[in-house]
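Structure data follow from run37.txt (compact mmCIF, C-alpha atoms):
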```
# COMPACT_ATOMS: atom_id res chain seq x y z
CA MET K 22 -30.91 -9.26 -1.95
CA SER K 23 -29.42 -7.24 -4.81
CA PHE K 24 -26.69 -4.69 -5.45
CA ASP K 25 -28.14 -1.17 -5.45
CA LEU K 26 -25.67 0.24 -7.94
CA ALA K 27 -28.02 2.93 -9.18
CA SER K 28 -28.12 4.60 -5.76
CA ARG K 29 -24.34 4.56 -5.46
CA LEU K 30 -24.01 6.23 -8.84
CA ALA K 31 -26.70 8.79 -8.07
CA GLU K 32 -25.00 9.74 -4.80
CA ARG K 33 -21.69 10.28 -6.57
CA GLN K 34 -23.36 12.43 -9.21
CA ALA K 35 -25.18 14.53 -6.61
CA ALA K 36 -21.89 15.22 -4.82
CA ASP K 37 -20.24 16.49 -8.04
CA LEU K 38 -17.89 13.49 -7.94
CA PHE K 39 -19.14 11.61 -11.00
CA ARG K 40 -16.33 10.85 -13.45
CA GLN K 41 -16.53 10.75 -17.20
CA ARG K 42 -14.02 9.69 -19.81
CA PRO K 43 -13.17 12.22 -22.53
CA LEU K 44 -13.16 10.42 -25.88
CA LEU K 45 -9.84 11.23 -27.53
CA GLN K 46 -10.11 11.19 -31.31
CA THR K 47 -6.51 12.13 -32.19
CA PRO K 48 -3.05 11.06 -31.02
CA GLN K 49 -1.55 12.53 -27.86
CA GLY K 50 -0.28 16.07 -28.28
CA PRO K 51 -1.01 19.67 -27.32
CA GLN K 52 -3.71 20.00 -30.00
CA VAL K 53 -6.29 17.22 -29.73
CA ARG K 54 -9.84 16.43 -30.71
CA ALA K 55 -11.87 15.10 -27.78
CA ASP K 56 -15.63 14.62 -27.60
CA ASP K 57 -15.90 16.11 -31.12
CA GLN K 58 -14.23 19.36 -30.04
CA GLU K 59 -10.85 20.79 -31.05
CA LEU K 60 -8.97 21.50 -27.83
CA LEU K 61 -5.62 22.62 -26.51
CA ALA K 62 -4.82 19.97 -23.89
CA PHE K 63 -3.05 20.57 -20.58
CA CYS K 64 -3.88 17.28 -18.88
CA SER K 65 -1.60 14.60 -20.36
CA ASN K 66 1.36 12.98 -18.58
CA ASP K 67 3.31 12.95 -21.86
CA TYR K 68 5.80 15.30 -20.23
CA LEU K 69 8.52 15.18 -22.90
CA GLY K 70 6.19 15.03 -25.92
CA LEU K 71 7.35 11.55 -27.01
CA ALA K 72 4.02 9.69 -27.20
CA ASN K 73 3.49 10.72 -30.82
CA HIS K 74 7.12 11.23 -31.84
CA PRO K 75 7.79 10.00 -35.40
CA GLU K 76 10.95 8.10 -34.42
CA VAL K 77 9.14 6.30 -31.61
CA ILE K 78 6.27 5.46 -33.97
CA ARG K 79 8.75 4.13 -36.53
CA ALA K 80 10.44 1.96 -33.90
CA LEU K 81 7.07 0.50 -32.92
CA GLN K 82 6.21 -0.24 -36.55
CA GLN K 83 9.57 -1.85 -37.27
CA GLY K 84 9.35 -3.81 -34.04
CA ALA K 85 5.94 -5.20 -35.02
CA GLU K 86 7.23 -6.17 -38.45
CA LYS K 87 10.13 -8.07 -36.89
CA TRP K 88 8.63 -9.42 -33.68
CA GLY K 89 4.88 -9.60 -34.36
CA VAL K 90 2.27 -8.13 -32.07
CA GLY K 91 1.46 -10.20 -28.98
CA GLY K 92 3.91 -11.27 -26.29
CA GLY K 93 2.43 -14.76 -26.51
CA ALA K 94 2.93 -15.88 -22.92
CA SER K 95 4.40 -14.81 -19.60
CA HIS K 96 8.09 -13.94 -19.41
CA LEU K 97 8.81 -17.22 -17.63
CA VAL K 98 7.16 -19.39 -20.28
CA ILE K 99 8.13 -18.09 -23.73
CA GLY K 100 7.17 -14.42 -23.64
CA HIS K 101 10.56 -12.88 -22.81
CA SER K 102 11.69 -11.60 -26.20
CA THR K 103 15.00 -10.04 -27.16
CA PRO K 104 13.53 -6.48 -27.20
CA HIS K 105 12.29 -6.98 -23.62
CA HIS K 106 15.75 -8.10 -22.55
CA GLU K 107 17.50 -5.25 -24.36
CA LEU K 108 15.16 -2.73 -22.75
CA GLU K 109 15.82 -4.16 -19.28
CA GLU K 110 19.56 -3.84 -19.85
CA ALA K 111 19.16 -0.27 -21.11
CA LEU K 112 16.99 0.71 -18.12
CA ALA K 113 19.50 -0.81 -15.70
CA GLU K 114 22.25 1.24 -17.29
CA PHE K 115 20.06 4.36 -17.30
CA THR K 116 19.34 4.06 -13.57
CA GLY K 117 22.87 2.99 -12.66
CA ARG K 118 21.71 -0.29 -11.15
CA PRO K 119 22.77 -3.88 -11.80
CA ARG K 120 19.43 -5.02 -13.18
CA ALA K 121 15.94 -3.90 -14.18
CA LEU K 122 12.75 -5.89 -14.64
CA LEU K 123 10.00 -4.99 -17.11
CA PHE K 124 6.30 -4.97 -16.18
CA SER K 125 3.16 -4.44 -18.22
CA THR K 126 1.85 -1.60 -16.00
CA GLY K 127 3.02 0.54 -13.11
CA TYR K 128 0.16 -0.72 -10.95
CA MET K 129 1.42 -4.28 -11.41
CA ALA K 130 5.02 -3.30 -10.68
CA ASN K 131 4.05 -1.77 -7.33
CA LEU K 132 1.86 -4.71 -6.35
CA ALA K 133 4.63 -7.09 -7.37
CA VAL K 134 7.38 -5.51 -5.29
CA VAL K 135 5.51 -5.04 -2.03
CA THR K 136 3.76 -8.42 -2.05
CA ALA K 137 6.94 -10.29 -3.02
CA LEU K 138 9.13 -8.67 -0.36
CA LEU K 139 6.78 -8.54 2.62
CA GLY K 140 4.39 -10.81 4.50
CA GLN K 141 3.01 -11.48 7.95
CA GLY K 142 5.35 -10.25 10.66
CA ASP K 143 6.88 -7.57 8.43
CA SER K 144 6.13 -3.84 8.22
CA VAL K 145 5.32 -1.48 5.36
CA ILE K 146 5.24 2.26 6.08
CA GLN K 147 3.90 4.62 3.43
CA ASP K 148 3.36 8.31 2.82
CA ARG K 149 -0.30 9.22 3.32
CA LEU K 150 -0.52 10.68 -0.19
CA ASN K 151 1.00 7.73 -2.04
CA HIS K 152 -0.55 6.53 -5.29
CA ALA K 153 -3.48 4.11 -4.96
CA SER K 154 -1.41 1.23 -6.36
CA LEU K 155 1.10 1.57 -3.53
CA LEU K 156 -1.62 1.74 -0.89
CA ASP K 157 -3.35 -1.30 -2.37
CA ALA K 158 -0.06 -3.19 -2.35
CA GLY K 159 0.40 -2.37 1.32
CA LEU K 160 -3.05 -3.70 2.14
CA LEU K 161 -2.59 -6.88 0.10
CA CYS K 162 0.86 -7.95 1.27
CA GLY K 163 -0.21 -9.10 4.75
CA ALA K 164 2.40 -7.02 6.56
CA ARG K 165 1.68 -4.49 9.28
CA PHE K 166 0.64 -1.41 7.28
CA SER K 167 0.93 2.15 8.57
CA ARG K 168 1.13 5.60 6.99
CA TYR K 169 3.22 8.59 8.01
CA LEU K 170 2.23 12.24 7.61
CA HIS K 171 2.92 13.52 4.12
CA ASN K 172 6.64 14.06 3.54
CA ASP K 173 7.27 14.16 7.30
CA ALA K 174 10.51 12.47 8.35
CA VAL K 175 9.71 12.87 12.06
CA SER K 176 6.39 11.10 11.58
CA LEU K 177 8.19 8.36 9.66
CA ALA K 178 10.73 7.96 12.47
CA ASN K 179 7.93 7.47 15.00
CA ARG K 180 6.46 4.67 12.92
CA LEU K 181 9.83 3.07 12.23
CA ARG K 182 10.32 2.66 15.99
CA LYS K 183 7.21 0.46 16.09
CA ALA K 184 8.09 -1.63 13.01
CA THR K 185 8.60 -5.38 13.18
CA GLY K 186 10.33 -7.83 10.86
CA ASN K 187 11.59 -6.66 7.50
CA CYS K 188 10.54 -3.05 6.99
CA LEU K 189 9.91 -1.24 3.70
CA VAL K 190 9.43 2.54 3.55
CA VAL K 191 7.43 3.42 0.44
CA THR K 192 6.96 6.82 -1.18
CA ASP K 193 6.12 8.41 -4.48
CA GLY K 194 9.03 10.36 -5.94
CA VAL K 195 6.81 13.08 -7.42
CA PHE K 196 3.32 13.10 -5.94
CA SER K 197 0.95 12.83 -8.86
CA MET K 198 -1.84 15.11 -7.63
CA ASP K 199 0.24 17.75 -5.81
CA GLY K 200 3.39 17.74 -7.95
CA ASP K 201 5.70 18.11 -4.95
CA LEU K 202 8.85 16.06 -4.38
CA ALA K 203 9.43 13.47 -1.69
CA ASP K 204 12.06 14.69 0.80
CA LEU K 205 14.18 11.69 -0.03
CA PRO K 206 17.39 12.69 1.78
CA ALA K 207 15.55 13.00 5.11
CA LEU K 208 13.36 9.93 4.56
CA CYS K 209 16.32 7.79 3.54
CA ALA K 210 18.31 8.92 6.58
CA GLU K 211 15.53 7.78 8.91
CA ALA K 212 15.20 4.45 7.11
CA ARG K 213 18.96 3.87 7.18
CA ALA K 214 19.02 4.39 10.96
CA THR K 215 16.74 1.37 11.43
CA GLN K 216 18.05 -0.72 8.49
CA ALA K 217 14.73 -0.36 6.69
CA TRP K 218 14.67 -0.42 2.90
CA VAL K 219 13.29 2.44 0.82
CA MET K 220 11.09 1.99 -2.24
CA VAL K 221 10.44 4.97 -4.52
CA ASP K 222 7.79 4.98 -7.24
CA ASP K 223 9.19 7.68 -9.51
CA ALA K 224 6.50 7.41 -12.17
CA HIS K 225 6.32 11.20 -12.66
CA GLY K 226 9.99 11.95 -12.01
CA PHE K 227 11.73 10.02 -14.76
CA GLY K 228 12.26 12.34 -17.71
CA PRO K 229 11.51 15.78 -16.21
CA MET K 230 13.72 15.45 -13.10
CA GLY K 231 17.47 15.01 -12.79
CA ALA K 232 20.37 16.28 -14.87
CA THR K 233 19.92 13.51 -17.44
CA GLY K 234 16.24 12.77 -16.82
CA GLY K 235 17.07 10.06 -14.28
CA GLY K 236 14.37 11.18 -11.89
CA ILE K 237 14.25 12.18 -8.25
CA VAL K 238 17.04 9.85 -7.11
CA GLU K 239 19.39 11.50 -9.58
CA HIS K 240 17.97 14.92 -8.64
CA PHE K 241 19.04 14.40 -5.00
CA GLY K 242 22.31 12.64 -5.84
CA LEU K 243 21.28 9.42 -4.07
CA GLY K 244 22.18 5.84 -4.94
CA GLN K 245 21.17 2.23 -4.47
CA ASP K 246 22.37 2.23 -0.85
CA ASP K 247 19.78 4.94 -0.15
CA VAL K 248 16.92 3.75 -2.37
CA GLN K 249 17.04 -0.02 -2.67
CA VAL K 250 13.92 -0.34 -4.84
CA LEU K 251 13.33 2.08 -7.72
CA VAL K 252 10.14 1.91 -9.79
CA GLY K 253 9.36 3.84 -12.96
CA THR K 254 6.55 3.82 -15.48
CA LEU K 255 6.99 4.06 -19.23
CA GLY K 256 3.60 5.53 -20.18
CA LYS K 257 4.37 9.06 -19.01
CA ALA K 258 7.61 10.84 -19.96
CA PHE K 259 8.80 7.81 -21.95
CA GLY K 260 5.64 8.09 -24.08
CA THR K 261 5.00 4.33 -24.48
CA ALA K 262 3.59 1.79 -22.00
CA GLY K 263 4.62 -0.48 -19.14
CA ALA K 264 6.85 -0.07 -16.11
CA PHE K 265 10.08 -1.30 -14.60
CA VAL K 266 11.77 -2.02 -11.29
CA ALA K 267 15.50 -1.37 -10.96
CA GLY K 268 17.74 -2.63 -8.19
CA SER K 269 20.22 -5.24 -7.13
CA GLU K 270 20.75 -8.63 -8.74
CA GLU K 271 19.13 -10.27 -5.70
CA LEU K 272 16.10 -7.97 -5.76
CA ILE K 273 15.31 -8.58 -9.42
CA GLU K 274 15.82 -12.33 -9.13
CA THR K 275 13.54 -12.38 -6.08
CA LEU K 276 10.82 -10.63 -8.08
CA ILE K 277 11.20 -13.09 -10.95
CA GLN K 278 10.82 -16.00 -8.53
CA PHE K 279 8.13 -14.69 -6.17
CA ALA K 280 6.21 -11.72 -7.65
CA ARG K 281 2.82 -13.05 -8.74
CA PRO K 282 1.88 -10.02 -10.91
CA TYR K 283 5.05 -10.72 -12.90
CA ILE K 284 4.91 -14.51 -13.02
CA TYR K 285 1.27 -14.82 -14.07
CA THR K 286 0.95 -12.08 -16.70
CA THR K 287 1.57 -12.18 -20.44
CA SER K 288 4.51 -9.98 -21.42
CA GLN K 289 3.89 -6.66 -23.14
CA PRO K 290 4.07 -6.63 -26.96
CA PRO K 291 7.75 -6.78 -27.96
CA ALA K 292 7.21 -3.88 -30.36
CA VAL K 293 6.36 -1.65 -27.40
CA ALA K 294 9.75 -2.45 -25.93
CA CYS K 295 11.32 -1.48 -29.27
CA ALA K 296 9.49 1.85 -29.12
CA THR K 297 10.59 2.42 -25.52
CA LEU K 298 14.23 1.82 -26.43
CA GLN K 299 13.91 4.64 -28.96
CA SER K 300 12.11 6.96 -26.54
CA LEU K 301 14.80 6.29 -23.93
CA GLU K 302 17.43 7.38 -26.46
CA LEU K 303 15.51 10.60 -27.15
CA LEU K 304 14.97 11.22 -23.44
CA ARG K 305 18.70 11.01 -22.84
CA SER K 306 20.01 12.80 -25.92
CA GLU K 307 17.55 15.68 -26.33
CA SER K 308 18.13 17.67 -23.16
CA TRP K 309 16.35 20.65 -24.75
CA ARG K 310 13.06 18.96 -23.90
CA ARG K 311 13.74 19.21 -20.15
CA GLU K 312 15.13 22.73 -20.52
CA HIS K 313 12.07 23.97 -22.43
CA LEU K 314 9.78 22.26 -19.95
CA GLN K 315 11.48 24.01 -17.03
CA ARG K 316 11.00 27.38 -18.74
CA LEU K 317 7.29 26.61 -19.23
CA ILE K 318 6.93 25.66 -15.57
CA ALA K 319 8.58 28.89 -14.40
CA ARG K 320 6.44 31.01 -16.72
CA PHE K 321 3.22 29.27 -15.68
CA ARG K 322 3.93 29.77 -11.99
CA GLN K 323 4.75 33.43 -12.57
CA GLY K 324 1.57 33.98 -14.60
CA ALA K 325 -0.61 32.08 -12.13
CA ALA K 326 0.70 34.21 -9.26
CA GLU K 327 -0.18 37.37 -11.19
CA ILE K 328 -3.73 36.08 -11.69
CA GLY K 329 -4.02 35.21 -8.00
CA LEU K 330 -4.36 31.45 -8.43
CA SER K 331 -3.50 29.17 -5.54
CA LEU K 332 -0.85 26.70 -6.75
CA MET K 333 0.67 23.73 -4.98
CA ASP K 334 4.39 23.77 -4.13
CA SER K 335 5.54 21.99 -7.28
CA PRO K 336 8.74 22.34 -9.34
CA THR K 337 7.47 19.68 -11.76
CA PRO K 338 5.24 19.63 -14.88
CA ILE K 339 2.32 18.89 -12.55
CA GLN K 340 0.89 22.30 -11.60
CA PRO K 341 -2.38 21.89 -9.67
CA ILE K 342 -4.63 24.91 -9.21
CA LEU K 343 -6.24 24.47 -5.80
CA VAL K 344 -9.96 25.32 -5.95
CA GLY K 345 -11.36 23.47 -2.93
CA ASP K 346 -14.99 22.86 -3.81
CA SER K 347 -15.73 20.12 -6.35
CA ALA K 348 -18.54 22.05 -8.06
CA ARG K 349 -16.31 25.09 -8.51
CA ALA K 350 -13.50 22.93 -9.90
CA LEU K 351 -15.94 21.47 -12.43
CA LYS K 352 -17.11 24.96 -13.35
CA LEU K 353 -13.57 26.21 -13.97
CA SER K 354 -12.80 23.16 -16.10
CA SER K 355 -16.01 23.72 -18.07
CA LEU K 356 -15.29 27.43 -18.62
CA LEU K 357 -11.84 26.59 -19.95
CA LYS K 358 -13.29 23.93 -22.24
CA ASP K 359 -15.73 26.50 -23.64
CA ARG K 360 -12.62 28.49 -24.61
CA GLY K 361 -11.00 25.48 -26.24
CA LEU K 362 -8.74 24.31 -23.41
CA LEU K 363 -8.84 20.86 -21.81
CA VAL K 364 -7.83 20.71 -18.14
CA GLY K 365 -9.30 18.04 -15.91
CA ALA K 366 -10.96 18.68 -12.55
CA ILE K 367 -9.56 16.32 -9.90
CA ARG K 368 -11.95 15.65 -7.02
CA PRO K 369 -12.29 13.28 -4.06
CA PRO K 370 -11.62 10.44 -3.52
CA THR K 371 -8.57 10.97 -5.74
CA VAL K 372 -7.63 13.95 -3.54
CA PRO K 373 -8.66 14.72 0.06
CA ALA K 374 -12.07 16.24 0.71
CA GLY K 375 -12.08 20.02 0.29
CA SER K 376 -9.02 20.02 -1.99
CA ALA K 377 -10.55 19.70 -5.45
CA ARG K 378 -8.28 21.16 -8.10
CA LEU K 379 -7.50 21.59 -11.75
CA ARG K 380 -4.44 19.48 -12.52
CA VAL K 381 -2.54 21.42 -15.16
CA THR K 382 0.21 19.33 -16.73
CA LEU K 383 2.82 20.82 -19.01
CA SER K 384 4.72 19.12 -21.81
CA ALA K 385 7.85 19.87 -23.77
CA ALA K 386 5.54 19.72 -26.80
CA HIS K 387 3.70 22.85 -25.61
CA SER K 388 4.83 26.11 -27.19
CA ASP K 389 5.30 29.39 -25.34
CA ALA K 390 2.31 30.78 -27.25
CA GLN K 391 0.08 27.88 -26.16
CA LEU K 392 0.99 28.45 -22.54
CA GLU K 393 0.09 32.12 -22.87
CA LEU K 394 -3.33 31.09 -24.21
CA LEU K 395 -3.88 29.03 -21.06
CA LEU K 396 -2.87 31.91 -18.80
CA GLU K 397 -5.12 34.33 -20.68
CA ALA K 398 -8.08 31.95 -20.36
CA LEU K 399 -7.44 31.42 -16.65
CA ALA K 400 -7.32 35.19 -16.13
CA GLU K 401 -10.77 35.45 -17.76
CA CYS K 402 -12.36 32.43 -16.06
CA TRP K 403 -11.02 32.62 -12.51
CA PRO K 404 -13.05 35.69 -11.45
CA GLN K 405 -16.25 33.94 -12.60
CA VAL K 406 -15.45 30.95 -10.37
CA GLN K 407 -14.58 33.18 -7.39
CA THR K 408 -18.08 34.66 -7.44
CA ASP K 409 -19.36 31.17 -6.44
CA ALA K 410 -17.22 31.12 -3.28
```

Now that the file is in, can you turn its structure into structure tokens?
Amino acid sequence: MSFDLASRLAERQAADLFRQRPLLQTPQGPQVRADDQELLAFCSNDYLGLANHPEVIRALQQGAEKWGVGGGASHLVIGHSTPHHELEEALAEFTGRPRALLFSTGYMANLAVVTALLGQGDSVIQDRLNHASLLDAGLLCGARFSRYLHNDAVSLANRLRKATGNCLVVTDGVFSMDGDLADLPALCAEARATQAWVMVDDAHGFGPMGATGGGIVEHFGLGQDDVQVLVGTLGKAFGTAGAFVAGSEELIETLIQFARPYIYTTSQPPAVACATLQSLELLRSESWRREHLQRLIARFRQGAAEIGLSLMDSPTPIQPILVGDSARALKLSSLLKDRGLLVGAIRPPTVPAGSARLRVTLSAAHSDAQLELLLEALAECWPQVQTDA
């Protein structure tokens, strides 16, 4: 008996669901070279344009000169360096919480929290459109796992009534494929009524959202009593790498003691923490980045409406163009690429069947003129895709 991998791959290709990795040959930025082609990119999560910022680069270089390259070991052995500790303190202050804990990836942070807090006899209730890492964590933790209808507080309430043991309500802050916001006030109210905890993965909210870039919790004016577990990633708006969990003293100490993805992983390079400290300073001090980004979002939505594109209900840098059919989404992406624009086609299983889309992402590094080029290209290409309907 053998694994028939070739058939699985052929089926995916025949269904227009085969994925390929663009080979990036330049640093992150609006203008890139990918697959030997000069392109204007609208598909990066570098929302504030910090991934290639000279001050962040300099902080990384100086950090490597002082602290070397590798973390050397896990945080609990000898891998917890001063830059890691300083970054945790800065992130705690940034989020207004007693403590923060640094992780090597957002996927690991989500697995760590859910599996450390819950087990058999407990309940985890998640939004149906949560990120794959959150869904995987729910399946792995051993607790009773259920999902409520997307952003539906009534559906959540129905599931909360059936919960047993310790209960954790889990949601994305900004949904990565739709760009919409979790209705946190309503969700938190339902959780509070049953003494359930709320965990928010605000990977795409930190930086673009909130008066100071503090994400969706700041955007809604909520606090630690509403959202007990706050997760953020550093590879998006922060422009570096890694993730963090912010919360109470007891929460963070529990993760240090019991979270296997934290205990058994080598720490991230200390120099990356040095770079993140600098990007955090820029995120907080240069409010013009968020202001410019909001203007780009408003202009894109206005222009898309004039073209007749079907957008998702998103106030964020994530602006998906709903196409529906996977083949048509691929065609629109290809037509744009022929005109020098890089926008990825997102297809099932990443999104539900029949909801293939182009996921346009905007960055503070984009100029007004670059956005107009995208709108002009979409106006030219969209009618060609509609003829395939």

Worksheet item: In Å to one decimal, how far is atom CA of K:Leu138 from atom CA of K:Leu272?
Response: 8.8 Å

Is it possible to get the axis-aligned box enclosing stretch 137-142 of chain K (all listed atoms, 5 Å extra per side) as JSON, with centre and edge lengths in Å rounded to one decimal?
```
{"center_x": 6.1, "center_y": -10.0, "center_z": 3.8, "size_x": 16.1, "size_y": 12.9, "size_z": 23.7}
```

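For the pair atom CA of K:Asp199 and atom CA of K:Ile339, the interatomic distance is 7.1 Å.
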
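Protein and nucleic acid residues near (11.5, -0.9, 3.2) are Val145, Cys188, Leu189, Val190, Val191, Ala217, Trp218, Val219 and Met220 of chain K, the criterion being any atom at most 7 Å away using all atoms listed in the file.
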
Put those residues in a file: C-alpha atoms, as a PDB file, in the coordinates of the input.
```pdb
ATOM      1  CA  VAL K 145       5.320  -1.480   5.360  1.00  0.00           C
ATOM      2  CA  CYS K 188      10.540  -3.050   6.990  1.00  0.00           C
ATOM      3  CA  LEU K 189       9.910  -1.240   3.700  1.00  0.00           C
ATOM      4  CA  VAL K 190       9.430   2.540   3.550  1.00  0.00           C
ATOM      5  CA  VAL K 191       7.430   3.420   0.440  1.00  0.00           C
ATOM      6  CA  ALA K 217      14.730  -0.360   6.690  1.00  0.00           C
ATOM      7  CA  TRP K 218      14.670  -0.420   2.900  1.00  0.00           C
ATOM      8  CA  VAL K 219      13.290   2.440   0.820  1.00  0.00           C
ATOM      9  CA  MET K 220      11.090   1.990  -2.240  1.00  0.00           C
TER      10      MET K 220
END
```

Fill in: Surrounding residues of K:Thr185 excluding itself and chain neighbours under 4 positions, 10 Å, all atoms listed in the file, as a list of chain:residue names
K:Gln141, K:Gly142, K:Asp143, K:Ser144, K:Val145, K:Ala164, K:Arg165, K:Leu181

Fill in: Neighbour list for K:Gly194 as a list of chain:residue names, cut-off 9 Å, all atoms listed in the file, skip fewer than 4 positions in-chain
K:Asp201, K:Leu202, K:Ala203, K:Asp204, K:Leu205, K:Val221, K:Asp222, K:Asp223, K:Ala224, K:His225, K:Gly226, K:Gly236, K:Ile237, K:Val238

Worksheet item: For K:Ala258, which of K:Trp403, K:Tyr68, K:Phe39, K:Trp88 is the closest residue, counting all atoms listed in the file?
Response: K:Tyr68

Sorted by chain and rising residue number, which residues of stretch 43-121 of chain K lie within 8 Å of stretch 358-378 of chain K, and what are their closest atom pairs and distances in Å to one decimal, counting only C-alpha atoms, as CSV?
```
residue,atom,partner,partner_atom,distance
K:Gln58,CA,K:Gly361,CA,7.9
K:Glu59,CA,K:Gly361,CA,6.7
K:Leu60,CA,K:Gly361,CA,4.7
K:Leu61,CA,K:Leu362,CA,4.7
K:Ala62,CA,K:Leu363,CA,4.6
K:Phe63,CA,K:Val364,CA,5.4
K:Cys64,CA,K:Val364,CA,5.3
```

Can you write just those residues out, C-alpha atoms, as an mmCIF file, in the frame of the given file?
```
data_model
loop_
_atom_site.group_PDB
_atom_site.id
_atom_site.type_symbol
_atom_site.label_atom_id
_atom_site.label_comp_id
_atom_site.auth_asym_id
_atom_site.auth_seq_id
_atom_site.Cartn_x
_atom_site.Cartn_y
_atom_site.Cartn_z
ATOM 1 C CA GLN K 58 -14.230 19.360 -30.040
ATOM 2 C CA GLU K 59 -10.850 20.790 -31.050
ATOM 3 C CA LEU K 60 -8.970 21.500 -27.830
ATOM 4 C CA LEU K 61 -5.620 22.620 -26.510
ATOM 5 C CA ALA K 62 -4.820 19.970 -23.890
ATOM 6 C CA PHE K 63 -3.050 20.570 -20.580
ATOM 7 C CA CYS K 64 -3.880 17.280 -18.880
#
```

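Among K:Gly50, K:Gly200, K:Pro290, K:Gly268, the residue with the shortest atom-to-atom distance to K:Val250, counting only C-alpha atoms, is K:Gly268.
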